[in-house]
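Structure data (CSV, C-alpha atoms) from work.csv:
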chain,number,residue,atom,x,y,z
I,1,MET,CA,-16.2,25.4,7.9
I,2,ALA,CA,-15.2,25.7,4.2
I,3,ARG,CA,-18.8,26.9,3.5
I,4,ALA,CA,-18.6,29.4,6.3
I,5,VAL,CA,-15.3,30.8,4.9
I,6,LEU,CA,-16.9,31.1,1.4
I,7,ASP,CA,-19.9,33.0,2.8
I,8,LYS,CA,-17.8,35.3,4.9
I,9,ALA,CA,-15.7,36.2,2.0
I,10,ARG,CA,-18.8,37.1,0.0
I,11,ARG,CA,-20.2,39.2,2.9
I,12,GLU,CA,-17.0,41.1,3.1
I,13,GLY,CA,-17.0,42.0,-0.5
I,14,SER,CA,-14.3,39.5,-1.7
I,15,SER,CA,-16.2,37.5,-4.3
I,16,PRO,CA,-15.0,33.9,-4.8
I,17,ASP,CA,-13.5,33.1,-8.2
I,18,ALA,CA,-13.5,29.9,-10.2
I,19,PHE,CA,-10.5,28.5,-8.4
I,20,THR,CA,-12.2,29.0,-5.0
I,21,TYR,CA,-15.3,27.2,-6.3
I,22,SER,CA,-13.1,24.4,-7.7
I,23,SER,CA,-11.4,23.8,-4.4
I,24,TYR,CA,-14.8,23.8,-2.6
I,25,ALA,CA,-16.2,21.4,-5.2
I,26,SER,CA,-13.3,19.0,-4.8
I,27,GLY,CA,-13.9,18.9,-1.1
I,28,LEU,CA,-17.6,18.2,-1.5
I,29,VAL,CA,-17.1,15.4,-4.0
I,30,ALA,CA,-14.4,13.9,-1.8
I,31,ALA,CA,-17.1,13.7,1.0
I,32,GLY,CA,-19.6,12.2,-1.5
I,33,ARG,CA,-21.9,15.3,-1.5
I,34,LEU,CA,-22.4,15.4,-5.2
I,35,ASP,CA,-25.7,17.3,-5.2
I,36,GLU,CA,-24.1,20.2,-3.4
I,37,ALA,CA,-21.1,20.1,-5.7
I,38,GLU,CA,-23.3,20.2,-8.8
I,39,ALA,CA,-25.3,23.1,-7.2
I,40,LEU,CA,-22.2,25.2,-7.2
I,41,LEU,CA,-22.4,25.5,-11.0
I,42,GLY,CA,-25.7,27.3,-10.6
I,43,GLU,CA,-24.3,29.4,-7.7
I,44,MET,CA,-21.5,30.5,-9.9
I,45,ALA,CA,-23.9,31.5,-12.6
I,46,ALA,CA,-25.9,33.6,-10.1
I,47,GLU,CA,-22.7,35.3,-9.0
I,48,GLY,CA,-22.1,36.3,-12.7
I,49,LEU,CA,-19.0,34.1,-13.0
I,50,PRO,CA,-18.5,32.5,-16.4
I,51,PRO,CA,-18.6,28.7,-16.6
I,52,ASN,CA,-15.2,27.2,-15.9
I,53,PRO,CA,-13.9,23.8,-17.2
I,54,VAL,CA,-11.8,23.4,-13.9
I,55,VAL,CA,-15.0,23.4,-11.8
I,56,TYR,CA,-16.8,21.1,-14.2
I,57,GLY,CA,-13.7,18.8,-14.0
I,58,ALA,CA,-13.7,18.7,-10.2
I,59,VAL,CA,-17.4,17.7,-10.1
I,60,MET,CA,-17.1,15.2,-12.9
I,61,ASP,CA,-14.1,13.6,-11.4
I,62,GLY,CA,-16.0,12.9,-8.2
I,63,CYS,CA,-19.0,11.6,-10.1
I,64,ALA,CA,-16.7,9.2,-12.1
I,65,ARG,CA,-15.0,8.0,-8.9
I,66,LEU,CA,-18.4,7.2,-7.4
I,67,SER,CA,-19.8,5.7,-10.6
I,68,ASP,CA,-22.6,8.2,-10.9
I,69,TRP,CA,-22.6,8.1,-14.7
I,70,SER,CA,-26.0,9.6,-15.2
I,71,ARG,CA,-24.8,12.7,-13.5
I,72,VAL,CA,-21.7,12.7,-15.6
I,73,GLU,CA,-23.7,12.6,-18.8
I,74,ARG,CA,-25.8,15.5,-17.5
I,75,LEU,CA,-22.7,17.5,-16.7
I,76,LEU,CA,-21.2,16.9,-20.1
I,77,LYS,CA,-24.4,18.2,-21.8
I,78,ARG,CA,-24.5,21.2,-19.5
I,79,MET,CA,-20.8,21.9,-20.2
I,80,ARG,CA,-21.3,21.8,-23.9
I,81,ALA,CA,-24.4,24.0,-23.6
I,82,ASP,CA,-22.2,26.6,-21.8
I,83,GLY,CA,-19.9,26.6,-24.8
I,84,LEU,CA,-17.1,24.5,-23.2
I,85,HIS,CA,-15.6,21.4,-24.7
I,86,PRO,CA,-14.0,18.5,-22.7
I,87,SER,CA,-10.2,18.5,-22.7
I,88,VAL,CA,-7.9,15.5,-22.5
I,89,ALA,CA,-7.8,15.9,-18.7
I,90,HIS,CA,-11.6,15.5,-18.6
I,91,TYR,CA,-11.5,12.4,-20.7
I,92,ASN,CA,-8.7,11.0,-18.6
I,93,MET,CA,-10.9,11.4,-15.5
I,94,LEU,CA,-13.8,9.5,-17.2
I,95,ILE,CA,-11.5,6.8,-18.5
I,96,ARG,CA,-10.0,6.3,-15.1
I,97,GLY,CA,-13.5,6.1,-13.6
I,98,ARG,CA,-14.7,3.6,-16.1
I,99,SER,CA,-11.6,1.5,-15.7
I,100,TYR,CA,-11.7,1.4,-11.9
I,101,SER,CA,-15.4,1.7,-11.3
I,102,TYR,CA,-16.4,0.9,-7.8
I,103,SER,CA,-19.6,-0.6,-9.1
I,104,SER,CA,-19.7,-4.4,-9.2
I,105,GLU,CA,-20.8,-4.0,-12.9
I,106,PHE,CA,-17.1,-3.5,-13.8
I,107,THR,CA,-15.2,-6.2,-12.0
I,108,ALA,CA,-12.1,-8.0,-13.1
I,109,GLN,CA,-14.2,-10.9,-14.3
I,110,GLN,CA,-16.2,-8.8,-16.7
I,111,HIS,CA,-13.4,-7.3,-18.8
I,112,GLN,CA,-14.2,-6.6,-22.4
I,113,PRO,CA,-11.9,-5.9,-25.4
I,114,VAL,CA,-11.1,-2.3,-25.9
I,115,THR,CA,-9.8,-0.8,-29.1
I,116,VAL,CA,-6.9,1.5,-28.2
I,117,GLY,CA,-5.8,2.4,-31.6
I,118,GLY,CA,-4.1,0.9,-34.7
I,119,GLY,CA,-6.1,-2.3,-34.3
I,120,SER,CA,-4.7,-3.0,-30.8
I,121,THR,CA,-7.1,-4.5,-28.2
I,122,ILE,CA,-6.8,-4.8,-24.5
I,123,ALA,CA,-8.9,-6.2,-21.7
I,124,THR,CA,-9.9,-3.6,-19.2
I,125,ALA,CA,-12.8,-2.8,-16.9
I,126,GLY,CA,-15.9,-1.3,-18.6
I,127,GLY,CA,-14.3,-1.9,-22.0
I,128,GLY,CA,-17.1,-0.7,-24.2
I,129,HIS,CA,-17.3,2.6,-22.4
I,130,VAL,CA,-13.6,3.1,-22.5
I,131,GLU,CA,-13.5,2.4,-26.2
I,132,ALA,CA,-16.3,4.9,-26.8
I,133,LEU,CA,-14.5,7.6,-24.8
I,134,MET,CA,-11.3,6.9,-26.7
I,135,ALA,CA,-13.2,7.2,-30.0
I,136,GLU,CA,-14.9,10.4,-28.8
I,137,MET,CA,-11.5,11.9,-27.9
I,138,ARG,CA,-10.1,11.3,-31.4
I,139,ALA,CA,-13.3,12.6,-33.0
I,140,ALA,CA,-12.8,15.8,-31.1
I,141,GLY,CA,-9.3,16.1,-32.4
I,142,LEU,CA,-7.7,15.2,-29.0
I,143,ARG,CA,-4.7,12.9,-28.8
I,144,PRO,CA,-4.4,10.5,-25.9
I,145,ASP,CA,-1.4,11.3,-23.7
I,146,ALA,CA,0.8,9.4,-21.3
I,147,ILE,CA,-1.8,9.7,-18.5
I,148,THR,CA,-4.4,8.2,-20.8
I,149,TYR,CA,-2.3,5.2,-21.6
I,150,GLY,CA,-0.9,4.9,-18.1
I,151,THR,CA,-4.5,4.7,-16.8
I,152,LEU,CA,-5.2,1.8,-19.2
I,153,ILE,CA,-1.9,0.0,-18.2
I,154,ASP,CA,-2.8,0.4,-14.6
I,155,ALA,CA,-6.2,-1.2,-15.3
I,156,ALA,CA,-4.3,-4.1,-16.9
I,157,VAL,CA,-2.1,-4.4,-13.8
I,158,ARG,CA,-5.1,-4.6,-11.6
I,159,SER,CA,-6.5,-7.4,-13.7
I,160,SER,CA,-3.0,-9.1,-13.7
I,161,SER,CA,-3.0,-9.2,-17.5
I,162,ILE,CA,0.5,-9.0,-18.9
I,163,GLU,CA,-0.8,-9.3,-22.5
I,164,ALA,CA,-3.1,-6.4,-22.1
I,165,ALA,CA,-0.4,-4.2,-20.6
I,166,LEU,CA,2.1,-5.0,-23.3
I,167,GLU,CA,-0.5,-4.2,-26.0
I,168,VAL,CA,-1.3,-0.9,-24.5
I,169,LEU,CA,2.5,-0.1,-24.3
I,170,SER,CA,2.8,-1.1,-28.0
I,171,ALA,CA,-0.1,1.2,-29.0
I,172,MET,CA,1.4,3.9,-26.9
I,173,ARG,CA,4.7,3.7,-28.8
I,174,VAL,CA,3.0,3.6,-32.2
I,175,GLU,CA,1.2,6.8,-31.2
I,176,GLY,CA,4.6,8.3,-30.4
I,177,VAL,CA,3.7,8.9,-26.7
I,178,GLN,CA,6.6,8.4,-24.4
I,179,PRO,CA,5.9,6.3,-21.3
I,180,ASP,CA,6.3,8.2,-18.0
I,181,GLY,CA,7.7,7.0,-14.7
I,182,ALA,CA,4.3,5.9,-13.5
I,183,THR,CA,3.9,3.7,-16.6
I,184,PHE,CA,7.2,2.0,-16.1
I,185,THR,CA,6.6,1.4,-12.4
I,186,SER,CA,3.2,-0.1,-13.1
I,187,LEU,CA,4.8,-2.5,-15.5
I,188,MET,CA,7.5,-3.4,-12.9
I,189,LYS,CA,4.7,-4.1,-10.4
I,190,LEU,CA,2.8,-6.3,-12.8
I,191,PHE,CA,5.8,-8.4,-13.8
I,192,ARG,CA,7.0,-8.7,-10.2
I,193,THR,CA,3.6,-10.0,-9.1
I,194,GLN,CA,3.7,-12.5,-11.9
I,195,GLY,CA,7.1,-13.8,-10.8
I,196,ARG,CA,9.0,-12.4,-13.8
I,197,HIS,CA,11.8,-10.8,-12.0
I,198,VAL,CA,14.2,-10.3,-14.9
I,199,GLN,CA,11.5,-8.4,-17.0
I,200,ALA,CA,10.6,-6.2,-14.1
I,201,LEU,CA,14.3,-5.1,-13.8
I,202,GLU,CA,14.4,-4.5,-17.5
I,203,PHE,CA,11.6,-2.0,-17.2
I,204,PHE,CA,13.5,-0.2,-14.4
I,205,GLU,CA,16.5,-0.1,-16.6
I,206,GLN,CA,14.4,1.5,-19.3
I,207,LEU,CA,13.1,4.0,-16.8
I,208,SER,CA,16.6,4.9,-15.7
I,209,ASN,CA,17.7,5.5,-19.3
I,210,SER,CA,14.6,7.4,-20.3
I,211,ARG,CA,14.9,11.0,-21.3
I,212,SER,CA,11.3,11.8,-20.8
I,213,SER,CA,10.9,10.5,-17.2
I,214,MET,CA,13.0,10.0,-14.1
I,215,VAL,CA,13.3,7.5,-11.3
I,216,ASP,CA,11.1,8.6,-8.4
I,217,LEU,CA,10.4,7.2,-4.9
I,218,TRP,CA,7.6,5.0,-6.2
I,219,ALA,CA,9.9,3.3,-8.7
I,220,LEU,CA,12.6,2.8,-6.1
I,221,CYS,CA,10.1,1.3,-3.6
I,222,CYS,CA,9.0,-1.1,-6.4
I,223,LEU,CA,12.6,-1.9,-7.1
I,224,VAL,CA,13.1,-2.9,-3.4
I,225,LYS,CA,10.1,-5.2,-3.7
I,226,VAL,CA,11.4,-6.8,-6.9
I,227,HIS,CA,14.8,-7.7,-5.4
I,228,ALA,CA,13.3,-8.7,-2.0
I,229,SER,CA,10.7,-11.0,-3.7
I,230,VAL,CA,13.5,-13.3,-5.0
I,231,GLY,CA,15.8,-13.0,-1.9
I,232,GLU,CA,18.3,-10.5,-3.3
I,233,MET,CA,18.6,-8.8,0.0
I,234,ALA,CA,21.8,-6.9,-0.6
I,235,GLU,CA,20.4,-5.4,-3.8
I,236,ALA,CA,17.1,-4.7,-2.0
I,237,GLU,CA,18.9,-2.8,0.8
I,238,ASP,CA,20.9,-0.8,-1.8
I,239,ALA,CA,17.6,0.2,-3.5
I,240,GLN,CA,16.2,1.2,-0.1
I,241,GLY,CA,19.2,3.3,0.6
I,242,ARG,CA,18.7,5.1,-2.8
I,243,ALA,CA,15.0,5.6,-1.9
I,244,ASN,CA,16.0,7.1,1.5
I,245,GLU,CA,18.5,9.4,-0.1
I,246,LEU,CA,16.0,10.7,-2.6
I,247,ALA,CA,13.4,11.2,0.2
I,248,THR,CA,15.9,13.2,2.2
I,249,GLU,CA,16.6,15.4,-0.9
I,250,GLN,CA,12.9,16.1,-1.2
I,251,GLY,CA,12.5,16.9,2.5
I,252,ARG,CA,10.5,13.7,3.1
I,253,PRO,CA,10.8,10.9,5.6
I,254,PRO,CA,12.1,7.5,4.4
I,255,PRO,CA,9.4,5.7,2.5
I,256,ALA,CA,7.6,3.1,4.7
I,257,GLU,CA,6.8,1.0,1.6
I,258,ALA,CA,10.5,0.1,1.0
I,259,ALA,CA,11.2,-0.6,4.6
I,260,PHE,CA,8.1,-2.8,4.9
I,261,ALA,CA,9.1,-4.8,1.8
I,262,LEU,CA,12.5,-5.4,3.3
I,263,LEU,CA,11.0,-6.4,6.7
I,264,GLN,CA,8.6,-8.9,5.0
I,265,ALA,CA,11.3,-10.5,2.9
I,266,TYR,CA,13.5,-11.1,5.9
I,267,GLY,CA,10.5,-12.4,7.8
I,268,GLN,CA,9.6,-14.8,5.1
I,269,GLN,CA,13.1,-16.1,5.1
I,270,GLY,CA,12.9,-16.7,8.8
I,271,GLN,CA,15.7,-14.2,9.6
I,272,LEU,CA,14.5,-12.4,12.7
I,273,ARG,CA,17.6,-10.4,13.6
I,274,PRO,CA,18.2,-8.9,10.1
I,275,ALA,CA,14.4,-8.0,10.0
I,276,LEU,CA,14.6,-6.2,13.4
I,277,LEU,CA,17.8,-4.5,12.4
I,278,SER,CA,16.2,-3.2,9.2
I,279,LEU,CA,13.3,-1.9,11.3
I,280,ARG,CA,15.6,-0.2,13.8
I,281,ARG,CA,17.5,1.5,10.9
I,282,PHE,CA,14.3,2.8,9.5
I,283,LEU,CA,13.2,4.3,12.8
I,284,ALA,CA,16.7,5.7,13.4
I,285,THR,CA,16.5,7.6,10.1
I,286,GLY,CA,13.2,9.3,10.9
I,287,GLY,CA,10.9,6.7,9.3
I,288,ARG,CA,7.3,6.6,10.2
I,289,PRO,CA,6.0,3.0,10.2
I,290,HIS,CA,2.3,2.2,9.7
I,291,ARG,CA,0.4,-0.1,11.9
I,292,LYS,CA,0.6,-3.0,9.5
I,293,MET,CA,4.4,-2.8,9.5
I,294,CYS,CA,4.6,-2.7,13.3
I,295,GLU,CA,2.2,-5.6,13.7
I,296,PHE,CA,4.2,-7.7,11.2
I,297,ALA,CA,7.3,-7.1,13.3
I,298,TYR,CA,5.5,-8.0,16.5
I,299,ARG,CA,4.1,-11.2,15.2
I,300,LEU,CA,7.4,-12.1,13.7
I,301,CYS,CA,9.0,-11.8,17.1
I,302,LEU,CA,6.3,-14.0,18.7
I,303,LYS,CA,6.7,-16.6,15.9
I,304,HIS,CA,10.3,-17.0,17.0
I,305,PHE,CA,9.4,-16.9,20.7
I,306,ASP,CA,11.5,-13.8,21.2
I,307,PHE,CA,9.2,-12.2,23.8
I,308,ARG,CA,11.8,-9.6,24.8
I,309,ALA,CA,12.0,-8.2,21.3
I,310,ALA,CA,8.2,-8.4,21.0
I,311,SER,CA,7.9,-6.3,24.1
I,312,GLN,CA,10.2,-3.7,22.6
I,313,VAL,CA,8.2,-3.5,19.4
I,314,LEU,CA,5.0,-3.2,21.4
I,315,ARG,CA,6.5,-0.5,23.6
I,316,ALA,CA,7.6,1.4,20.5
I,317,MET,CA,4.2,1.2,19.0
I,318,ARG,CA,2.6,2.7,22.1
I,319,LEU,CA,5.0,5.6,21.9
I,320,MET,CA,4.2,6.4,18.2
I,321,ARG,CA,1.6,9.0,17.5
I,322,GLY,CA,-1.3,8.3,15.1
I,323,LEU,CA,-1.2,4.5,15.4
I,324,GLN,CA,-4.6,3.0,16.3
I,325,LEU,CA,-3.5,0.0,18.5
I,326,ARG,CA,-5.4,-3.2,18.9
I,327,GLU,CA,-4.3,-4.1,22.4
I,328,THR,CA,-6.8,-7.0,22.9
I,329,LEU,CA,-5.6,-8.6,19.7
I,330,TYR,CA,-1.9,-8.1,20.7
I,331,ARG,CA,-2.6,-9.8,24.0
I,332,GLN,CA,-4.3,-12.7,22.2
I,333,TRP,CA,-1.3,-13.1,19.9
I,334,TRP,CA,1.1,-13.0,22.9
I,335,GLU,CA,-0.9,-15.6,24.8
I,336,ASP,CA,-1.1,-17.9,21.7
I,337,ALA,CA,2.6,-17.7,21.4
I,338,GLN,CA,3.1,-18.6,25.0
I,339,ARG,CA,0.8,-21.6,24.7
I,340,ARG,CA,2.7,-22.8,21.6
I,341,LEU,CA,6.0,-22.4,23.5
I,342,GLN,CA,4.6,-24.3,26.5
I,343,ALA,CA,3.3,-27.1,24.3
I,344,ARG,CA,6.8,-27.4,22.7
I,345,ARG,CA,8.4,-27.5,26.1
I,346,GLN,CA,6.1,-30.2,27.3
I,347,ALA,CA,6.6,-32.2,24.1
I,348,ALA,CA,10.4,-31.9,24.6
I,349,SER,CA,10.1,-32.8,28.2
I,350,SER,CA,8.1,-35.9,27.5
I,351,SER,CA,10.5,-36.9,24.8
I,352,SER,CA,13.4,-36.4,27.2
I,353,THR,CA,11.7,-38.4,29.9
I,354,GLY,CA,10.8,-41.2,27.6
I,355,SER,CA,14.4,-41.4,26.4
I,356,SER,CA,15.7,-41.4,30.0
I,357,SER,CA,13.3,-44.2,31.0
I,358,SER,CA,14.4,-46.3,28.0
I,359,LEU,CA,18.1,-45.9,29.0
I,360,SER,CA,17.3,-46.6,32.6
I,361,ASN,CA,15.6,-49.9,31.7
I,362,ASN,CA,18.8,-50.8,29.8
I,363,GLY,CA,20.8,-50.4,33.0
I,364,ASN,CA,22.2,-46.9,32.3
I,365,SER,CA,20.8,-45.0,35.4
I,366,ASN,CA,23.3,-42.1,35.0
I,367,SER,CA,21.4,-40.8,32.0
I,368,GLY,CA,18.3,-39.7,34.1
I,369,THR,CA,18.6,-36.1,33.3
I,370,GLY,CA,17.6,-36.7,29.7
I,371,SER,CA,18.9,-35.2,26.5
I,372,GLY,CA,16.1,-33.6,24.5
I,373,ASP,CA,16.8,-30.0,23.5
I,374,GLY,CA,17.5,-28.7,27.1
I,375,ILE,CA,14.1,-26.9,27.5
I,376,GLY,CA,13.0,-29.0,30.5
I,377,VAL,CA,16.4,-28.4,32.2
I,378,THR,CA,16.2,-24.7,31.5
I,379,THR,CA,12.7,-24.6,33.0
I,380,THR,CA,14.0,-26.3,36.2
I,381,ALA,CA,17.0,-23.9,36.4
I,382,GLU,CA,14.7,-20.9,36.1
I,383,LYS,CA,12.5,-22.3,38.8
I,384,TRP,CA,15.5,-22.6,41.2
I,385,LYS,CA,16.5,-19.0,40.3
I,386,TRP,CA,13.1,-17.8,41.2
I,387,TRP,CA,13.2,-19.8,44.5
I,388,PHE,CA,16.4,-18.1,45.6
I,389,GLY,CA,15.3,-14.7,44.5
I,390,LEU,CA,17.7,-14.4,41.5
I,391,PRO,CA,16.8,-12.8,38.1
I,392,ASN,CA,14.8,-15.4,36.2
I,393,ASN,CA,12.2,-16.0,33.4
I,394,TYR,CA,10.1,-18.5,35.4
I,395,TYR,CA,7.1,-16.3,35.1
I,396,GLY,CA,7.9,-15.2,31.6
I,397,THR,CA,4.4,-16.2,30.5
I,398,ASP,CA,2.9,-13.0,31.8
I,399,TRP,CA,2.0,-10.7,28.9
I,400,ARG,CA,3.4,-7.2,29.4

Serialized structure, structure tokens:
Amino acid sequence: MARAVLDKARREGSSPDAFTYSSYASGLVAAGRLDEAEALLGEMAAEGLPPNPVVYGAVMDGCARLSDWSRVERLLKRMRADGLHPSVAHYNMLIRGRSYSYSSEFTAQQHQPVTVGGGSTIATAGGGHVEALMAEMRAAGLRPDAITYGTLIDAAVRSSSIEAALEVLSAMRVEGVQPDGATFTSLMKLFRTQGRHVQALEFFEQLSNSRSSMVDLWALCCLVKVHASVGEMAEAEDAQGRANELATEQGRPPPAEAAFALLQAYGQQGQLRPALLSLRRFLATGGRPHRKMCEFAYRLCLKHFDFRAASQVLRAMRLMRGLQLRETLYRQWWEDAQRRLQARRQAASSSSTGSSSSLSNNGNSNSGTGSGDGIGVTTTAEKWKWWFGLPNNYYGTDWR
């Protein structure tokens, strides 16, 4: 359809410009159609349009994301032949591609030292290539910016290397480049996953006091996770409230990441009611939960044998648009929970019967009802309710 619009505009005398071609190239590379995207450069030349670095950047970005480095080299040569020189933005695309290459050649187990500047070294994916790109940038008179260093820090986060991230941060400050919000948040994430809660909060404090960056939704969602990971639920809920307020100011729904972090933390603590209450508040404020979040709540209800709450969660999931439900799996989870509950009841009933028999053998016949935990008695009571037509849960094992 995009191609049809492009051709129609040309037929009607409205020649596409470089930005039109850039948009189309971005769509092609997103679909993995690199040959067609590269062919647009020749099409532009045939239309008499001068070569444009934005179009080259769109095509190279797609090639870097898909690890087609031979095509990247070809595009760079063609770009220079057209009299254009790569900018910092172009190098950042290539550094990101080398750092997060989808190819198995650059996995976390194959990190190599990379010289960032001033003698600093870090471990990052595709190290030799990144080092060469950084050196090429400097040779061209280009200075790495916050995005460049942020990309390297994010690579260190992915490899769970605190030492590497701190060395990049140190080199960044030596260069006089101020960390942006994404950099601080990446460091918060790294220290949180490494169990260093205090240091993660220190980076948030630095972000809050920074003059060159501001606290955004991503940072607040990460703050929720930091507090929730150590059971500071009051602080986590406060951070979620700040995230919701910021989202409202920006005309966006409450962030699901913060709500999910809170839900998971309550679930890990075995607190079903606060978990469900946090989910209800999220929905009441216009939140849009994803499937993973809903399934976590559903399984949490089943773990606590609260089938009524599980039914409510499942009903809400069915009413939500855009969720691809796995009904067969949900039924399996439900039946598994019912079997676990039945096994627990039988174990409790057997224990109660054994205790009663022991007491009876000792001459105490009045203890025949048994003690246990009351599950067997409850089952009998529900059976009598069913027999007399009263509201009951005797057939509560039916999945609904």

Env of Gly97 (chain I): 10 Å cut, atoms = all atoms listed in the file, seq-sep filter 3 positions within chain, self excluded. Answer as a PDB file with C-alpha atoms, in the frame of the given file.
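Once everything was written out, this is selection21.pdb:
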ATOM      1  CA  MET I  60     -17.100  15.200 -12.900  1.00  0.00           C
ATOM      2  CA  ASP I  61     -14.100  13.600 -11.400  1.00  0.00           C
ATOM      3  CA  GLY I  62     -16.000  12.900  -8.200  1.00  0.00           C
ATOM      4  CA  CYS I  63     -19.000  11.600 -10.100  1.00  0.00           C
ATOM      5  CA  ALA I  64     -16.700   9.200 -12.100  1.00  0.00           C
ATOM      6  CA  ARG I  65     -15.000   8.000  -8.900  1.00  0.00           C
ATOM      7  CA  LEU I  66     -18.400   7.200  -7.400  1.00  0.00           C
ATOM      8  CA  SER I  67     -19.800   5.700 -10.600  1.00  0.00           C
ATOM      9  CA  ASP I  68     -22.600   8.200 -10.900  1.00  0.00           C
ATOM     10  CA  TRP I  69     -22.600   8.100 -14.700  1.00  0.00           C
ATOM     11  CA  TYR I  91     -11.500  12.400 -20.700  1.00  0.00           C
ATOM     12  CA  ASN I  92      -8.700  11.000 -18.600  1.00  0.00           C
ATOM     13  CA  MET I  93     -10.900  11.400 -15.500  1.00  0.00           C
ATOM     14  CA  LEU I  94     -13.800   9.500 -17.200  1.00  0.00           C
ATOM     15  CA  TYR I 100     -11.700   1.400 -11.900  1.00  0.00           C
ATOM     16  CA  SER I 101     -15.400   1.700 -11.300  1.00  0.00           C
ATOM     17  CA  TYR I 102     -16.400   0.900  -7.800  1.00  0.00           C
ATOM     18  CA  ALA I 125     -12.800  -2.800 -16.900  1.00  0.00           C
ATOM     19  CA  GLY I 126     -15.900  -1.300 -18.600  1.00  0.00           C
ATOM     20  CA  VAL I 130     -13.600   3.100 -22.500  1.00  0.00           C
ATOM     21  CA  THR I 151      -4.500   4.700 -16.800  1.00  0.00           C
TER      22      THR I 151
END

Quiz item: Which one is closest to Asp82 (chain I): I:Met172, I:Leu329, I:Ser70, I:Pro53? Count only C-alpha atoms.
Solution: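 Using only C-alpha atoms, the shortest distance to Asp82 (chain I) belongs to I:Pro53.
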
Quiz item: Closest to Asn244 (chain I) among I:Arg143, I:Arg281, I:Arg10, I:Arg345, using only C-alpha atoms?
Solution: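 Between I:Arg143, I:Arg281, I:Arg10, I:Arg345, the residue approaching Asn244 (chain I) most closely is I:Arg281.
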
Quiz item: So, counting only C-alpha atoms, which residue among I:Glu202, I:Asp216, I:Ala155, I:Leu34 is closest to Glu249 (chain I)?
Solution: I:Asp216

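CA of Gln199 (chain I) sits 19.3 Å away from CA of Ala261 (chain I).
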
Quiz item: Hey, what's within 7 Å of Ala228 (chain I) if we count only C-alpha atoms and toss same-chain stuff fewer than 5 positions away? As JSON, numbers by chain, please?
Solution: {"I": [233, 236, 261, 262, 265]}

Quiz prompt | Straight-line distance linking CA of Ala259 (chain I) with CA of Ala219 (chain I), stated in Å to one decimal | solution = 13.9 Å

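Picture a line from CA of Gly241 (chain I) to CA of Leu220 (chain I); it runs 9.4 Å.
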
Exercise. Counting only C-alpha atoms, figure out which residue out of I:Met317, I:Ala146, I:Cys301, I:Met44 gets nearest to Gln338 (chain I).
Key: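 Answer, going by the shortest atom-to-atom distance: I:Cys301.
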
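Using only C-alpha atoms, the shortest contact distance between Val313 (chain I) and any of I:Glu295, I:Glu237, I:Ser160, I:Thr328 is found at I:Glu295.
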
Quiz item: Residues around (14.6, -7.5, 20.2), cut-off 12 Å, counting all atoms listed in the file - what are they as a list in words?
Solution: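 Within the cut-off we find Leu272, Arg273, Pro274, Ala275, Leu276, Leu277, Ser278, Leu279, Arg280, Ala297, Tyr298, Leu300, Cys301, Leu302, His304, Phe305, Asp306, Phe307, Arg308, Ala309, Ala310, Ser311, Gln312, Val313, Leu314, Arg315 and Ala316 of chain I.
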